[in-house]
$ cat model_27.pdb   # PDB, C-alpha atoms, pLDDT in the B column
MODEL        1
ATOM      1  CA  MET A   1       7.074  98.763  39.783  1.00 92.00           C
ATOM      2  CA  ASP A   2       4.938 101.126  41.887  1.00 93.00           C
ATOM      3  CA  PRO A   3       3.512 103.987  39.751  1.00 93.00           C
ATOM      4  CA  LEU A   4       2.991 107.669  40.541  1.00 94.00           C
ATOM      5  CA  VAL A   5      -0.759 108.196  40.861  1.00 94.00           C
ATOM      6  CA  HIS A   6      -1.380 111.548  42.543  1.00 95.00           C
ATOM      7  CA  PHE A   7       0.171 114.900  43.398  1.00 97.00           C
ATOM      8  CA  GLU A   8      -0.518 117.457  46.114  1.00 96.00           C
ATOM      9  CA  ILE A   9       0.288 121.150  46.116  1.00 97.00           C
ATOM     10  CA  PRO A  10       0.308 122.779  49.569  1.00 96.00           C
ATOM     11  CA  VAL A  11      -0.643 126.469  49.638  1.00 97.00           C
ATOM     12  CA  ASN A  12      -1.304 129.224  52.156  1.00 97.00           C
ATOM     13  CA  ASP A  13      -4.350 130.638  50.316  1.00 96.00           C
ATOM     14  CA  LEU A  14      -6.728 128.098  48.752  1.00 96.00           C
ATOM     15  CA  GLU A  15      -8.723 130.687  46.804  1.00 95.00           C
ATOM     16  CA  LYS A  16      -5.634 132.323  45.333  1.00 96.00           C
ATOM     17  CA  ALA A  17      -4.323 128.890  44.292  1.00 95.00           C
ATOM     18  CA  ARG A  18      -7.732 127.958  42.832  1.00 94.00           C
ATOM     19  CA  GLY A  19      -7.607 131.033  40.613  1.00 93.00           C
ATOM     20  CA  PHE A  20      -4.009 130.470  39.589  1.00 95.00           C
ATOM     21  CA  TYR A  21      -4.208 126.785  38.637  1.00 95.00           C
ATOM     22  CA  GLY A  22      -7.747 126.939  37.261  1.00 93.00           C
ATOM     23  CA  SER A  23      -7.199 129.948  35.010  1.00 93.00           C
ATOM     24  CA  ILE A  24      -3.658 129.296  33.812  1.00 94.00           C
ATOM     25  CA  PHE A  25      -3.808 125.547  33.217  1.00 94.00           C
ATOM     26  CA  GLY A  26      -7.558 125.028  32.802  1.00 92.00           C
ATOM     27  CA  TRP A  27      -7.638 122.343  35.483  1.00 94.00           C
ATOM     28  CA  LYS A  28     -11.050 121.348  36.834  1.00 94.00           C
ATOM     29  CA  LEU A  29     -11.152 122.014  40.565  1.00 96.00           C
ATOM     30  CA  GLN A  30     -13.643 120.535  43.031  1.00 94.00           C
ATOM     31  CA  ASP A  31     -13.934 121.085  46.787  1.00 95.00           C
ATOM     32  CA  TRP A  32     -13.801 117.927  48.865  1.00 91.00           C
ATOM     33  CA  PRO A  33     -14.744 118.431  52.533  1.00 89.00           C
ATOM     34  CA  MET A  34     -12.390 116.479  54.774  1.00 85.00           C
ATOM     35  CA  PRO A  35     -13.288 114.672  58.033  1.00 80.00           C
ATOM     36  CA  ASP A  36     -11.334 117.248  60.073  1.00 83.00           C
ATOM     37  CA  GLY A  37     -13.459 120.105  58.656  1.00 89.00           C
ATOM     38  CA  SER A  38     -10.820 121.368  56.228  1.00 89.00           C
ATOM     39  CA  THR A  39     -11.278 121.667  52.473  1.00 92.00           C
ATOM     40  CA  TYR A  40      -9.183 119.737  49.983  1.00 94.00           C
ATOM     41  CA  ILE A  41      -9.414 120.886  46.374  1.00 96.00           C
ATOM     42  CA  GLY A  42      -9.479 117.913  44.031  1.00 94.00           C
ATOM     43  CA  VAL A  43      -7.625 118.646  40.797  1.00 96.00           C
ATOM     44  CA  HIS A  44      -8.448 117.040  37.463  1.00 94.00           C
ATOM     45  CA  THR A  45      -5.649 117.687  34.993  1.00 95.00           C
ATOM     46  CA  THR A  46      -6.974 114.999  32.674  1.00 93.00           C
ATOM     47  CA  PRO A  47     -10.348 113.279  32.067  1.00 92.00           C
ATOM     48  CA  ILE A  48     -11.230 110.337  34.304  1.00 91.00           C
ATOM     49  CA  ASP A  49     -13.331 107.201  34.131  1.00 90.00           C
ATOM     50  CA  GLU A  50     -16.335 108.158  36.260  1.00 87.00           C
ATOM     51  CA  LYS A  51     -16.651 104.611  37.616  1.00 86.00           C
ATOM     52  CA  THR A  52     -13.024 103.957  38.606  1.00 82.00           C
ATOM     53  CA  ARG A  53     -12.014 107.644  39.083  1.00 81.00           C
ATOM     54  CA  GLU A  54      -8.751 106.816  37.283  1.00 87.00           C
ATOM     55  CA  PRO A  55      -7.336 108.905  34.403  1.00 93.00           C
ATOM     56  CA  LEU A  56      -8.344 107.787  30.902  1.00 93.00           C
ATOM     57  CA  LYS A  57      -4.925 108.667  29.474  1.00 92.00           C
ATOM     58  CA  PRO A  58      -2.170 106.182  30.421  1.00 89.00           C
ATOM     59  CA  GLY A  59       0.491 107.835  32.565  1.00 90.00           C
ATOM     60  CA  ALA A  60      -1.613 110.890  33.399  1.00 93.00           C
ATOM     61  CA  ILE A  61      -2.277 111.782  37.049  1.00 95.00           C
ATOM     62  CA  ASN A  62      -4.621 114.053  38.937  1.00 96.00           C
ATOM     63  CA  GLY A  63      -4.112 115.520  42.361  1.00 96.00           C
ATOM     64  CA  GLY A  64      -5.099 118.050  44.941  1.00 96.00           C
ATOM     65  CA  ILE A  65      -4.461 121.433  46.492  1.00 97.00           C
ATOM     66  CA  MET A  66      -4.475 121.725  50.262  1.00 95.00           C
ATOM     67  CA  LYS A  67      -3.557 124.120  53.050  1.00 94.00           C
ATOM     68  CA  ARG A  68       0.149 124.035  53.799  1.00 95.00           C
ATOM     69  CA  ASN A  69       0.846 122.362  57.154  1.00 91.00           C
ATOM     70  CA  ASP A  70       3.741 121.251  59.336  1.00 91.00           C
ATOM     71  CA  ASN A  71       3.987 117.909  57.516  1.00 87.00           C
ATOM     72  CA  VAL A  72       3.566 119.079  53.926  1.00 90.00           C
ATOM     73  CA  LYS A  73       5.388 122.293  53.038  1.00 93.00           C
ATOM     74  CA  ALA A  74       6.328 121.549  49.417  1.00 95.00           C
ATOM     75  CA  PRO A  75       4.636 119.669  46.555  1.00 97.00           C
ATOM     76  CA  VAL A  76       4.272 115.937  47.118  1.00 96.00           C
ATOM     77  CA  PHE A  77       3.760 113.040  44.759  1.00 96.00           C
ATOM     78  CA  ALA A  78       1.968 109.869  45.764  1.00 96.00           C
ATOM     79  CA  ILE A  79       2.960 106.360  44.809  1.00 97.00           C
ATOM     80  CA  LYS A  80       0.423 103.544  44.532  1.00 95.00           C
ATOM     81  CA  VAL A  81       1.530 100.533  46.574  1.00 97.00           C
ATOM     82  CA  SER A  82      -0.054  97.171  47.306  1.00 96.00           C
ATOM     83  CA  SER A  83       0.479  97.558  51.067  1.00 97.00           C
ATOM     84  CA  ILE A  84       1.312 100.745  52.945  1.00 98.00           C
ATOM     85  CA  ASP A  85       2.220  98.685  56.010  1.00 98.00           C
ATOM     86  CA  GLU A  86       4.832  96.698  54.065  1.00 97.00           C
ATOM     87  CA  LYS A  87       6.274  99.765  52.332  1.00 97.00           C
ATOM     88  CA  VAL A  88       6.567 101.642  55.649  1.00 97.00           C
ATOM     89  CA  LYS A  89       8.772  98.830  56.952  1.00 97.00           C
ATOM     90  CA  LEU A  90      11.018  99.193  53.904  1.00 97.00           C
ATOM     91  CA  VAL A  91      11.047 103.001  54.174  1.00 97.00           C
ATOM     92  CA  GLU A  92      12.107 102.877  57.821  1.00 97.00           C
ATOM     93  CA  LYS A  93      14.759 100.239  57.111  1.00 96.00           C
ATOM     94  CA  ALA A  94      16.174 102.527  54.392  1.00 96.00           C
ATOM     95  CA  GLY A  95      16.395 105.558  56.696  1.00 96.00           C
ATOM     96  CA  GLY A  96      13.034 107.190  56.054  1.00 96.00           C
ATOM     97  CA  LYS A  97      10.296 107.762  58.587  1.00 96.00           C
ATOM     98  CA  VAL A  98       6.525 108.017  58.904  1.00 97.00           C
ATOM     99  CA  VAL A  99       5.218 111.596  58.880  1.00 96.00           C
ATOM    100  CA  MET A 100       1.497 110.765  58.893  1.00 95.00           C
ATOM    101  CA  PRO A 101       0.427 107.178  59.606  1.00 96.00           C
ATOM    102  CA  LYS A 102      -1.872 105.222  57.335  1.00 97.00           C
ATOM    103  CA  MET A 103      -5.398 106.631  57.394  1.00 93.00           C
ATOM    104  CA  ASP A 104      -8.686 105.782  55.721  1.00 91.00           C
ATOM    105  CA  MET A 105      -9.494 108.253  52.957  1.00 88.00           C
ATOM    106  CA  MET A 106     -13.273 108.305  53.240  1.00 81.00           C
ATOM    107  CA  GLY A 107     -13.719 104.783  51.890  1.00 82.00           C
ATOM    108  CA  MET A 108     -11.677 105.370  48.714  1.00 85.00           C
ATOM    109  CA  GLY A 109      -8.443 103.806  49.965  1.00 92.00           C
ATOM    110  CA  PHE A 110      -5.643 104.482  52.434  1.00 96.00           C
ATOM    111  CA  TYR A 111      -2.981 107.189  52.492  1.00 95.00           C
ATOM    112  CA  ALA A 112       0.184 107.877  54.462  1.00 96.00           C
ATOM    113  CA  TYR A 113       3.091 110.328  54.306  1.00 96.00           C
ATOM    114  CA  VAL A 114       6.655 109.133  54.725  1.00 97.00           C
ATOM    115  CA  THR A 115      10.043 110.719  54.166  1.00 96.00           C
ATOM    116  CA  ASP A 116      12.898 109.360  52.153  1.00 95.00           C
ATOM    117  CA  GLY A 117      16.413 109.328  53.586  1.00 90.00           C
ATOM    118  CA  GLU A 118      16.852 112.973  52.487  1.00 90.00           C
ATOM    119  CA  GLY A 119      13.758 114.250  54.322  1.00 92.00           C
ATOM    120  CA  ASN A 120      11.528 114.630  51.239  1.00 94.00           C
ATOM    121  CA  VAL A 121       7.867 113.871  51.958  1.00 96.00           C
ATOM    122  CA  ILE A 122       6.253 111.201  49.770  1.00 97.00           C
ATOM    123  CA  GLY A 123       2.641 110.049  49.760  1.00 96.00           C
ATOM    124  CA  LEU A 124       1.772 106.345  49.736  1.00 97.00           C
ATOM    125  CA  TRP A 125      -1.621 105.308  48.345  1.00 96.00           C
ATOM    126  CA  GLU A 126      -3.225 101.876  48.823  1.00 96.00           C
ATOM    127  CA  ASP A 127      -6.472 100.967  47.057  1.00 92.00           C
ATOM    128  CA  LEU A 128      -9.255  99.354  49.054  1.00 88.00           C
ATOM    129  CA  PRO A 129      -9.299  95.582  48.570  1.00 81.00           C
ATOM    130  CA  LYS A 130     -11.598  94.513  45.715  1.00 75.00           C
ATOM    131  CA  LYS A 131     -14.821  92.892  46.876  1.00 68.00           C
TER     132      LYS A 131
ENDMDL
END
$ encode --input "model_27.pdb" --output "structure tokens"
Amino acid sequence: MDPLVHFEIPVNDLEKARGFYGSIFGWKLQDWPMPDGSTYIGVHTTPIDEKTREPLKPGAINGGIMKRNDNVKAPVFAIKVSSIDEKVKLVEKAGGKVVMPKMDMMGMGFYAYVTDGEGNVIGLWEDLPKK
């Protein structure tokens, strides 16, 4: 079973969203500069293990806030998979499609966006292989 591990909230105004989610829910927000020059706001809704970066509470997830774009217009959840390449084959066979191909996430792992057969965008996360 592939678990949910991350969420993303697309917004038009990062600062407005920072104020909203930080003040109302008390989430810890941290700017992460992205390779394309944009800013991604990392969201901690729950404490993490500083070494693994994974939530300490079973079932809890953290996420991010990002600028809304043509690919991501509504909130997205990400599913941890053993192989994005293999899951993409299954997604396409089931009527979904790739929205953003697999990309390296600054040495933390790999990420891709796909759609289900209804057009909903889903994130796929693959950890880096253990050394």
$ resolve_selection --input "model_27.pdb" --expression "the PyMOL selection byres ((chain A and resi 40-57) around 8)" --output "list in words"
Gly26, Trp27, Lys28, Leu29, Gln30, Asp31, Trp32, Pro33, Met34, Ser38, Thr39, Pro58, Gly59, Ala60, Ile61, Asn62, Gly63, Gly64, Ile65, Met66 and Lys67 of chain A
$ residues_near_point --input "model_27.pdb" --point "(-5.6, 105.4, 51.4)" --cutoff "9 Å" --atoms "all atoms listed in the file" --output "number ranges by chain"
A: 84, 102-112, 124-128
$ atom_distance --input "model_27.pdb" --atom1 "atom CA of Gly119 of chain A" --atom2 "atom CA of Gly96 of chain A"
7.3 Å
$ residues_around --input "model_27.pdb" --residues "Val11 of chain A" --least-positions-apart "6" --cutoff "10 Å" --atoms "only C-alpha atoms" --output "ChimeraX atom specification"
/A:17-18,65-69,72-75
$ closest_residue --input "model_27.pdb" --among "A:Ser23, A:Asn71, A:Asn12, A:Ser83" --to "Val121 of chain A" --atoms "all atoms listed in the file"
A:Asn71
$ atom_distance --input "model_27.pdb" --atom1 "atom CA of Ile24 of chain A" --atom2 "atom CA of Pro3 of chain A"
27.0 Å
$ closest_residue --input "model_27.pdb" --among "A:Tyr113, A:Ala78, A:Lys16, A:Asp70" --to "Val91 of chain A" --atoms "all atoms listed in the file"
A:Tyr113
$ closest_residue --input "model_27.pdb" --among "A:Gly95, A:Pro129, A:Gly123, A:Pro35" --to "Ile9 of chain A" --atoms "all atoms listed in the file"
A:Gly123
$ atom_distance --input "model_27.pdb" --atom1 "atom CA of Glu92 of chain A" --atom2 "atom CA of Asp36 of chain A"
27.6 Å
$ closest_residue --input "model_27.pdb" --among "A:Lys93, A:Lys130, A:Gly22, A:Met1" --to "Thr115 of chain A" --atoms "only C-alpha atoms"
A:Lys93
$ closest_residue --input "model_27.pdb" --among "A:Ile122, A:Leu90, A:Phe25, A:Phe20" --to "Glu8 of chain A" --atoms "all atoms listed in the file"
A:Ile122
